[in-house]
Amino acid sequence: MHWNIKEIEAPELARWMEEKGEDLRVIDVREMGEITAGTIPGAEPMPMASIPLRLNELDRDKDTVFICRSGARSAQVCMFLQQQGFDKVYNLRGGMFGWARSGQQISLPKTA
């Protein structure tokens, strides 16, 4: 079965963050050592390996954008979640590289 992963570009995500506020969740799936170097403001740390164990923490009805370094790991997370019946999951195209290239703000992560 082929999964069509929905992707979002950094400028569009920045706009969503302003417009949707609490109705949008941004989750950074990198390892904590990577996240401590900087992440998207307001992003929640949830390392990729922990996702299957934390499905109950995810809201199927809320738009959720997953980010990683380049977009590869977060794409895998989106594919996995789609297989679990999640529809409102989005991959940040280009990951943190794309976010930084587009000139968006980077901040230190909030603690889990």
# chains A, B, ... in the order shown; residues from 1 in each chain; ligands from 1
call {"tool": "select_by_dssp", "arguments": {"residues": "stretch 21-81 of chain A", "states": "strand (DSSP E or B)", "output": "list in words"}}
result
Leu24, Arg25, Val26, Ile27, Asp28, Thr39, Glu44, Pro45, Asp63, Thr64, Val65, Phe66 and Ile67 of chain A
call {"tool": "residues_around", "arguments": {"residues": "A:Gln82", "least_positions_apart": "3", "cutoff": "12 Å", "atoms": "only C-alpha atoms", "output": "number ranges by chain"}}
result
A: 1-6, 55, 60, 64, 75-79, 85-91
call {"tool": "write_last_selection", "arguments": {"atoms": "N, CA and C atoms", "output": "PDB file, in the first residue's frame"}}
result
ATOM      1  N   MET A   1       0.844  -1.190   0.000  1.00  0.00           N
ATOM      2  CA  MET A   1       0.000   0.000   0.000  1.00  0.00           C
ATOM      3  C   MET A   1       0.886   1.250   0.000  1.00  0.00           C
ATOM      4  N   HIS A   2       0.561   2.213  -0.796  1.00  0.00           N
ATOM      5  CA  HIS A   2       1.339   3.442  -0.896  1.00  0.00           C
ATOM      6  C   HIS A   2       0.730   4.517   0.003  1.00  0.00           C
ATOM      7  N   TRP A   3       1.571   5.154   0.785  1.00  0.00           N
ATOM      8  CA  TRP A   3       1.096   6.211   1.679  1.00  0.00           C
ATOM      9  C   TRP A   3       1.512   7.553   1.106  1.00  0.00           C
ATOM     10  N   ASN A   4       0.558   8.439   0.980  1.00  0.00           N
ATOM     11  CA  ASN A   4       0.837   9.776   0.478  1.00  0.00           C
ATOM     12  C   ASN A   4       1.029  10.691   1.683  1.00  0.00           C
ATOM     13  N   ILE A   5       2.275  10.963   2.004  1.00  0.00           N
ATOM     14  CA  ILE A   5       2.584  11.782   3.167  1.00  0.00           C
ATOM     15  C   ILE A   5       2.346  13.246   2.818  1.00  0.00           C
ATOM     16  N   LYS A   6       1.591  13.920   3.682  1.00  0.00           N
ATOM     17  CA  LYS A   6       1.350  15.346   3.485  1.00  0.00           C
ATOM     18  C   LYS A   6       2.557  16.115   4.002  1.00  0.00           C
ATOM     19  N   LEU A  55       1.551   6.836  21.512  1.00  0.00           N
ATOM     20  CA  LEU A  55       0.399   7.109  20.633  1.00  0.00           C
ATOM     21  C   LEU A  55      -0.753   7.741  21.395  1.00  0.00           C
ATOM     22  N   ARG A  60      -5.775  12.585  17.385  1.00  0.00           N
ATOM     23  CA  ARG A  60      -6.105  12.306  15.980  1.00  0.00           C
ATOM     24  C   ARG A  60      -6.837  13.466  15.311  1.00  0.00           C
ATOM     25  N   THR A  64      -1.029  18.017  13.314  1.00  0.00           N
ATOM     26  CA  THR A  64       0.260  17.810  13.967  1.00  0.00           C
ATOM     27  C   THR A  64       1.347  17.761  12.907  1.00  0.00           C
ATOM     28  N   ALA A  75       9.187  12.038   8.122  1.00  0.00           N
ATOM     29  CA  ALA A  75       8.348  11.417   7.082  1.00  0.00           C
ATOM     30  C   ALA A  75       8.010   9.986   7.478  1.00  0.00           C
ATOM     31  N   GLN A  76       8.991   9.263   8.042  1.00  0.00           N
ATOM     32  CA  GLN A  76       8.743   7.896   8.495  1.00  0.00           C
ATOM     33  C   GLN A  76       7.706   7.883   9.621  1.00  0.00           C
ATOM     34  N   VAL A  77       7.787   8.863  10.525  1.00  0.00           N
ATOM     35  CA  VAL A  77       6.812   8.963  11.615  1.00  0.00           C
ATOM     36  C   VAL A  77       5.418   9.211  11.043  1.00  0.00           C
ATOM     37  N   CYS A  78       5.314  10.106  10.066  1.00  0.00           N
ATOM     38  CA  CYS A  78       4.012  10.373   9.445  1.00  0.00           C
ATOM     39  C   CYS A  78       3.453   9.117   8.793  1.00  0.00           C
ATOM     40  N   MET A  79       4.308   8.369   8.095  1.00  0.00           N
ATOM     41  CA  MET A  79       3.860   7.137   7.446  1.00  0.00           C
ATOM     42  C   MET A  79       3.350   6.145   8.498  1.00  0.00           C
ATOM     43  N   GLY A  85      -3.960   5.058  11.572  1.00  0.00           N
ATOM     44  CA  GLY A  85      -5.245   5.725  11.423  1.00  0.00           C
ATOM     45  C   GLY A  85      -5.240   7.226  11.639  1.00  0.00           C
ATOM     46  N   PHE A  86      -4.061   7.829  11.772  1.00  0.00           N
ATOM     47  CA  PHE A  86      -3.969   9.278  11.914  1.00  0.00           C
ATOM     48  C   PHE A  86      -4.008   9.913  10.527  1.00  0.00           C
ATOM     49  N   ASP A  87      -4.811  10.963  10.369  1.00  0.00           N
ATOM     50  CA  ASP A  87      -4.935  11.622   9.068  1.00  0.00           C
ATOM     51  C   ASP A  87      -4.341  13.029   9.070  1.00  0.00           C
ATOM     52  N   LYS A  88      -4.358  13.710  10.211  1.00  0.00           N
ATOM     53  CA  LYS A  88      -3.935  15.111  10.272  1.00  0.00           C
ATOM     54  C   LYS A  88      -2.470  15.239  10.671  1.00  0.00           C
ATOM     55  N   VAL A  89      -1.616  14.438  10.020  1.00  0.00           N
ATOM     56  CA  VAL A  89      -0.184  14.484  10.298  1.00  0.00           C
ATOM     57  C   VAL A  89       0.551  15.021   9.075  1.00  0.00           C
ATOM     58  N   TYR A  90       1.515  15.900   9.325  1.00  0.00           N
ATOM     59  CA  TYR A  90       2.245  16.579   8.263  1.00  0.00           C
ATOM     60  C   TYR A  90       3.736  16.505   8.542  1.00  0.00           C
ATOM     61  N   ASN A  91       4.511  16.388   7.479  1.00  0.00           N
ATOM     62  CA  ASN A  91       5.964  16.376   7.555  1.00  0.00           C
ATOM     63  C   ASN A  91       6.487  17.740   7.124  1.00  0.00           C
TER      64      ASN A  91
END
call {"tool": "residues_around", "arguments": {"residues": "stretch 22-25 of chain A", "least_positions_apart": "3", "cutoff": "9 Å", "atoms": "only C-alpha atoms", "output": "list in words"}}
result
Trp16, Met17, Glu19, Gly42, Ala43, Glu44, Lys62, Asp63, Thr64, Val65 and Phe66 of chain A
call {"tool": "closest_residue", "arguments": {"among": "A:Val29, A:Ile35, A:Ile67, A:Leu53", "to": "A:Ser107", "atoms": "only C-alpha atoms"}}
result
A:Ile35
call {"tool": "select_by_dssp", "arguments": {"residues": "chain A", "states": "alpha helix (DSSP H)", "output": "ChimeraX atom specification"}}
result
/A:10-20,32-35,72-83,95-101
call {"tool": "write_last_selection", "arguments": {"atoms": "N, CA and C atoms", "output": "short mmCIF file (atom, residue, chain, number, x, y, z; two decimals), in the first residue's frame"}}
result
data_model
loop_
_atom_site.label_atom_id
_atom_site.label_comp_id
_atom_site.auth_asym_id
_atom_site.auth_seq_id
_atom_site.Cartn_x
_atom_site.Cartn_y
_atom_site.Cartn_z
N ALA A 10 8.35 25.35 5.27
CA ALA A 10 8.63 26.15 6.46
C ALA A 10 7.80 27.45 6.54
N PRO A 11 7.72 28.25 5.46
CA PRO A 11 6.93 29.49 5.58
C PRO A 11 5.45 29.21 5.88
N GLU A 12 4.91 28.12 5.30
CA GLU A 12 3.52 27.77 5.55
C GLU A 12 3.34 27.33 7.00
N LEU A 13 4.30 26.58 7.54
CA LEU A 13 4.23 26.17 8.94
C LEU A 13 4.28 27.39 9.85
N ALA A 14 5.13 28.34 9.55
CA ALA A 14 5.21 29.56 10.37
C ALA A 14 3.85 30.27 10.37
N ARG A 15 3.20 30.31 9.22
CA ARG A 15 1.88 30.94 9.13
C ARG A 15 0.85 30.14 9.94
N TRP A 16 0.88 28.82 9.80
CA TRP A 16 -0.04 27.96 10.57
C TRP A 16 0.14 28.20 12.06
N MET A 17 1.39 28.33 12.50
CA MET A 17 1.66 28.52 13.93
C MET A 17 1.01 29.81 14.42
N GLU A 18 1.03 30.85 13.60
CA GLU A 18 0.38 32.11 13.98
C GLU A 18 -1.14 31.98 13.95
N GLU A 19 -1.67 31.35 12.91
CA GLU A 19 -3.12 31.29 12.70
C GLU A 19 -3.81 30.27 13.59
N LYS A 20 -3.22 29.09 13.76
CA LYS A 20 -3.89 27.99 14.45
C LYS A 20 -3.63 27.98 15.95
N MET A 32 17.27 13.81 21.77
CA MET A 32 17.40 14.98 22.64
C MET A 32 18.72 15.72 22.43
N GLY A 33 19.80 15.00 22.16
CA GLY A 33 21.08 15.65 21.91
C GLY A 33 21.04 16.57 20.71
N GLU A 34 20.23 16.22 19.71
CA GLU A 34 20.08 17.07 18.52
C GLU A 34 19.18 18.26 18.82
N ILE A 35 18.11 18.00 19.56
CA ILE A 35 17.11 19.04 19.85
C ILE A 35 17.72 20.16 20.69
N ALA A 72 13.53 13.30 6.76
CA ALA A 72 13.43 11.86 6.49
C ALA A 72 12.79 11.11 7.66
N ARG A 73 13.29 11.34 8.88
CA ARG A 73 12.72 10.64 10.04
C ARG A 73 11.28 11.05 10.29
N SER A 74 11.02 12.34 10.16
CA SER A 74 9.65 12.80 10.40
C SER A 74 8.70 12.25 9.33
N ALA A 75 9.19 12.04 8.12
CA ALA A 75 8.35 11.42 7.08
C ALA A 75 8.01 9.99 7.48
N GLN A 76 8.99 9.26 8.04
CA GLN A 76 8.74 7.90 8.50
C GLN A 76 7.71 7.88 9.62
N VAL A 77 7.79 8.86 10.52
CA VAL A 77 6.81 8.96 11.61
C VAL A 77 5.42 9.21 11.04
N CYS A 78 5.31 10.11 10.07
CA CYS A 78 4.01 10.37 9.44
C CYS A 78 3.45 9.12 8.79
N MET A 79 4.31 8.37 8.10
CA MET A 79 3.86 7.14 7.45
C MET A 79 3.35 6.15 8.50
N PHE A 80 4.10 5.98 9.57
CA PHE A 80 3.69 5.07 10.65
C PHE A 80 2.34 5.50 11.24
N LEU A 81 2.21 6.79 11.50
CA LEU A 81 0.96 7.28 12.12
C LEU A 81 -0.22 7.12 11.17
N GLN A 82 0.00 7.31 9.87
CA GLN A 82 -1.08 7.08 8.91
C GLN A 82 -1.51 5.62 8.96
N GLN A 83 -0.56 4.72 9.11
CA GLN A 83 -0.88 3.30 9.22
C GLN A 83 -1.70 3.02 10.49
N GLY A 95 12.95 19.55 6.91
CA GLY A 95 13.24 19.53 8.34
C GLY A 95 13.80 20.84 8.86
N MET A 96 14.67 20.73 9.86
CA MET A 96 15.28 21.93 10.45
C MET A 96 16.17 22.64 9.45
N PHE A 97 16.76 21.89 8.50
CA PHE A 97 17.56 22.54 7.46
C PHE A 97 16.68 23.50 6.67
N GLY A 98 15.50 23.03 6.26
CA GLY A 98 14.57 23.86 5.49
C GLY A 98 14.06 25.04 6.31
N TRP A 99 13.80 24.79 7.58
CA TRP A 99 13.31 25.84 8.48
C TRP A 99 14.36 26.96 8.59
N ALA A 100 15.61 26.56 8.83
CA ALA A 100 16.68 27.55 8.97
C ALA A 100 16.94 28.28 7.65
N ARG A 101 16.94 27.53 6.53
CA ARG A 101 17.17 28.13 5.20
C ARG A 101 16.13 29.18 4.88
#
call {"tool": "closest_residue", "arguments": {"among": "A:Pro52, A:Arg93, A:Leu108, A:Asp61", "to": "A:Thr36", "atoms": "only C-alpha atoms"}}
result
A:Leu108
call {"tool": "closest_residue", "arguments": {"among": "A:Ile106, A:Arg30, A:Gly94, A:Glu7", "to": "A:Ile51", "atoms": "only C-alpha atoms"}}
result
A:Arg30
